[in-house]
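Peer 1: Please read through the structure below; I'll follow up with questions.
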Amino acid sequence: MCGIVGYIGPRKAAPVLLEGLAKLEYRGYDSAGIAVRDGRKDPEVIKVKGRLKGLVEKTEGGENVAGCCGIGHTRWATHGEPSETNAHPHVSPENMVVGVHNGIVENYQELRAKLERKGYTFYSQTDTEVLIDQVDYYYRKYKVGPIDALAKTMVRVRGSYALVVMFKDYPDVIYACRKDSPMIVGRGDRESFLASDVPAILKYTRDVYYVNNLEMVRLSGSGVTFFNLDGDVVDKDMVHIDWDAQAAEKGGFEHFMMKEIYEEAKALTDTLNSVLKEDGLDFSEIGLDDETIRSITDITVTACGSAYHTGIVGQYVTENLTRIPVRVELASEFRYRDPILKPSTLVIVISQSGETADSLAALREAKKLGARTLAIVNVLGSSIAREADHVFYTLAGPEIAVATTKAYSAQLMALYALAVKFARVRGNLDEKAYKGLLNSLKALPEISSRILDNKEKIQRLAAEKCAEKDIFYIGRGIDYAVSLEGSLKFKEISYIHSEAYAAGELKHGTISLIEDGTPVIGVVTQKNTAEKTVSNMVECRSRGAYVIAVTREGLEDLVTKTADYVLTVPATDDLFMASVTVVPLQLIAYYVSVSKGLDVDKPRNLAKSVTVE
Ligand code: AGP
C-alpha cells in the first residue's frame with residue numbers, strides 16, 4: 001500500500017503535501033514525490049528514491065516549490081523496483097494528466113500493450129503510469145471532461161486504486177476516484193484536502209468525507225463535489241474526526257498488529273490475484289513456465305521464524321498435491337550443513353523483509369551449489385528478491401508490527417498457489433480438482449476473516465485462561481505446523497513461555513510439564529488425524545491442563561466432551577486450514593499481550609528484520 005495526498009487552497013501546496021506524506025510514511029517508504037501547479041503553468045514534479053526526508057531536503061521543506069495546487073505520494077513498490085523513475089507522480093504525454101495512485105492494476109499489461117499500439121511509450125515499469133495514460137487516452141480520444149475520462153477508466157481497469165490526478169486544462173482543480181484502496185477528503189476554510197488516511201490532514205481539519213467505492217471527486221478551493229460512476233453528483237455526509245493523530249495512523253486500531261490482522265484478507269486476495277489470469281494460475285512472468293516446473297525433482301524450503309513455519313505448512317500441502325519431496329530447513333542451519341542439492345532442486349527462500357541475514361546467506365549457499373532459487377518476499381527490490389533466480393512477491397503491503405500476521409498469511413497463499421499450479425502442470429490434478437482448489441483459494445480471504453466477528457469472545461478466553469506460566473500448542477500435520485506459528489506469536493509478544501508440539505510427541509517427555517490449569521491449545525482441523533489429537537488432548541486434561549480446542553465446523557462433536565473450551569472456525573479444504581486457524585491464534589497472542597500492558601507492536605529484544613547472524 002502507498003500514501004497519497006492532495007491539496008488545493010490559499011496555502012503553498014508543497015509544505016502541506018510533505019507534512020501529509022510524513023504522516024503516511026507507515027504506508028510505504030521506498031520512494032516519494034510531489035507534483036505542484038502554479039496557476040496555468042505545467043506541474044513541477046519532484047521525486048526521490050528512498051525515504052521522504054530526501055524529498056523534504058530536495059524541496060527545502062517545500063518552500064522552494066511554487067503553487068497552491070498539488071498532489072503527493074509515498075510508495076510501497078508493487079510493480080517496478082524502488083527508483084526515482086518509478087516513483088510517483090507519473091505524467092502522461094505533454095503533462096496532460098499527472099497523477100498518483102495507491103493500489104494494484106491487475107490488468108495493466110493488457111492495457112499497456114493496447115496503449116502502445118495507440119502510440120504511447122512508457123518510461124517506467126509501473127502499473128500507475130499505465131493507469132495515468134489510460135485516463136489521458138480517454139480524455140483526448142472522446143474529448144470528454146475529467147470526470148468522464150475517470151469514469152471510463154474505472155470501467156476499463158481491473159484491480160484496486162485510489163487515483164488522484166490533475167489535468168493540464170483544469171488548473172487549481174484536483175480530481176480523484178477510488179476502488180478498494182482508501183481515500184478521504186477534508187474541507188477547511190477555502191481549501192480542500194485529500195489523503196489515503198486521516199492522519200495526513202488532521203493538522204488542518206477534522207471535517208472529512210469518506211470516498212466510497214467507484215466514486216469520483218472534484219476538489220477546488222471553493223468546495224468538493226462527489227460523483228457516481230454515471231457522472232451524477234452524489235451527496236455525502238461530512239464526518240468530524242475526534243481521534244488523536246497517533247491513533248489515526250493505525251486507522252483507529254489500537255495497534256498495528258490488529259490493523260494488520262484485519263488486512264490479512266486483502267493480502268491473501270492481492271497475492272493470489274497477482275498470479276491468477278483468466279484461465280488460471282500463471283507463473284510465467286516470474287520465469288516458472290510449465291517446462292521449468294516439470295524439470296524440478298525436489299524442493300528445499302529455507303527461512304527463519306514465522307517464514308519457516310509457512311514452509312512447514314507448504315511442505316505438507318506441496319507433498320500432498322505434487323508428490324515432490326520437500327525438505328524444510330531453518331536458514332541458520334541450512335547455510336552450514338553443506339546441503340545436498342541438485343541443479344533440478346528448487347530452493348524456496350521465504351522472507352517478509354527480504355533482508356534476513358541467515359535467509360540471504362542460505363540463498364547464496366543454494367546458488368553456489370547450483371540449485372534453482374525462488375524467493376517469496378514482501379519487499380520489492382529487497383536483497384533476497386534481487387539475488388534469487390525467481391521472485392514471487394507477496395502483496396501484503398508494509399507490515400509494521402514486529403510480530404508478522406498478514407505477511408505470514410500472504411506467504412501461505414503463495415505456497416498454496418505454487419503447489420496447486422505444480423500439481424496441475426505435473427498431471428497430479430485433473431481440471432475439475434484444479435478448479436475446485438482454485439475456488440477454495442479464492443474463497444479463503446473471506447473465510448479466514450470471519451473469525452474476526454468473534455474477537456471479543458477470544459479476548460475473554462485469552463485474558464482469563466491463557467496468561468499463565470506456560471502454554472502448549474499441540475496438533476498433527478498442518479495443525480502442528482500452524483501450532484508452531486501460534487506458539488511463536490504468543491511468546492514473542494506476551495513474554496510467556498510457550499511451546500508447540502506434534503501432538504503425538506508430547507507424551508515423550510514434555511507432558512511432565514503439564515500442571516493444574518496449564519493451558520493447552522489443541523488444534524484439530526485435519527479430518528485424518530483429528531481423533532488422534534483429541535486423545536492427546538485427553539492425556540493433557542487428565543493431568544490437570546485447561547484444554548482449549550481450536551477446531552473447524554463439522555468437527556465440534558469430536559472435541560466438545562474433551563475440551564474445556566471450544567473455538568470453532570469456518571471450514572475450507574483441509575490443505576488450506578492453516579490460513580483460517582492462524583487468525584484466532586494470532587488474536588489469542590495479541591489479547592494476552594494487551595492484557596499484560598506490553599508493547600504489542602514493538603516487543604522487547606526483537607527487530608522487524610534480523611539483518612545480523
Ligand atoms: C515473526 O513474528 C517474527 N517477527 C520473526 O520470526 C520473523 O518471522 C523472522 O525474523 C523472519 O523474518 P523475515 O520473514 O523478514 O525473513
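Each chain in the C-alpha cells gets a letter, A, B, ..., in the order shown, and its residues are numbered from 1; ligands are numbered from 1 in order too.
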If we count only C-alpha atoms, what is near Lys179 (chain A) at a cut-off of 7 Å, once residues fewer than 5 positions away on the same chain are taken out, given as a ChimeraX atom specification?

Peer 2: /A:160-162,213-214

Peer 1: Can you write out the residues you just picked, keeping N, CA, C and O atoms, as a short mmCIF file (atom, residue, chain, number, x, y, z; two decimals), in the first residue's frame?

Peer 2:
```
data_model
loop_
_atom_site.label_atom_id
_atom_site.label_comp_id
_atom_site.auth_asym_id
_atom_site.auth_seq_id
_atom_site.Cartn_x
_atom_site.Cartn_y
_atom_site.Cartn_z
N SER A 160 -7.34 -2.49 -7.81
CA SER A 160 -7.69 -1.57 -6.74
C SER A 160 -6.97 -0.25 -6.99
O SER A 160 -5.86 -0.25 -7.54
N TYR A 161 -7.59 0.85 -6.64
CA TYR A 161 -6.93 2.13 -6.86
C TYR A 161 -7.56 3.23 -6.02
O TYR A 161 -8.75 3.21 -5.77
N ALA A 162 -6.68 4.07 -5.51
CA ALA A 162 -7.06 5.42 -5.05
C ALA A 162 -6.21 6.31 -5.95
O ALA A 162 -5.00 6.38 -5.81
N ASN A 213 -16.49 3.32 -2.72
CA ASN A 213 -16.02 2.63 -3.92
C ASN A 213 -16.72 3.14 -5.18
O ASN A 213 -17.92 3.41 -5.16
N LEU A 214 -15.92 3.28 -6.23
CA LEU A 214 -16.41 3.71 -7.55
C LEU A 214 -17.00 5.11 -7.52
O LEU A 214 -17.83 5.46 -8.35
#
```

Peer 1: For the structure I just gave you, how does DSSP split region 309-481 of chain A - specifically, which residues are strand (DSSP E or B)? Reply as a count of residues only.

Peer 2: 28

Peer 1: Near Asp38 (chain A), counting only C-alpha atoms, which residues have an atom at most 12 Å away, once you skip same-chain residues fewer than 6 positions from it, shown as a list in words?

Peer 2: Ile8, Gly9, Pro10, Arg11, Lys12, Ala13, Ala14, Glu44, Val45, Val65, Ala66, Gly67, Cys68, Cys69, Gly70, Lys168, Tyr170, Pro171, Asp172 and Val173 of chain A

Peer 1: Compare A:Val523, A:Ala417, A:Ile451, A:Asp358 by their minimum atom-to-atom distance to ligand 1, counting only C-alpha atoms and all ligand atoms, and give me the closest one.

Peer 2: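 So, comparing all the options, the nearest one is A:Asp358.
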
Peer 1: Could you list, as an MDAnalysis selection string, all residues that come within 10 Å of ligand 1? Count only C-alpha atoms and all ligand atoms.

Peer 2: chainID A and resid 302:310 331 349:360 376:379 384 399 401:405 407:408 411 485:486 488:493 586 602:603 606:611

Peer 1: Go through A:Arg37, A:Lys277, A:Lys23, A:Lys118 and flag the residue nearest Glu249 (chain A), using only C-alpha atoms for the distances.

Peer 2: A:Lys23
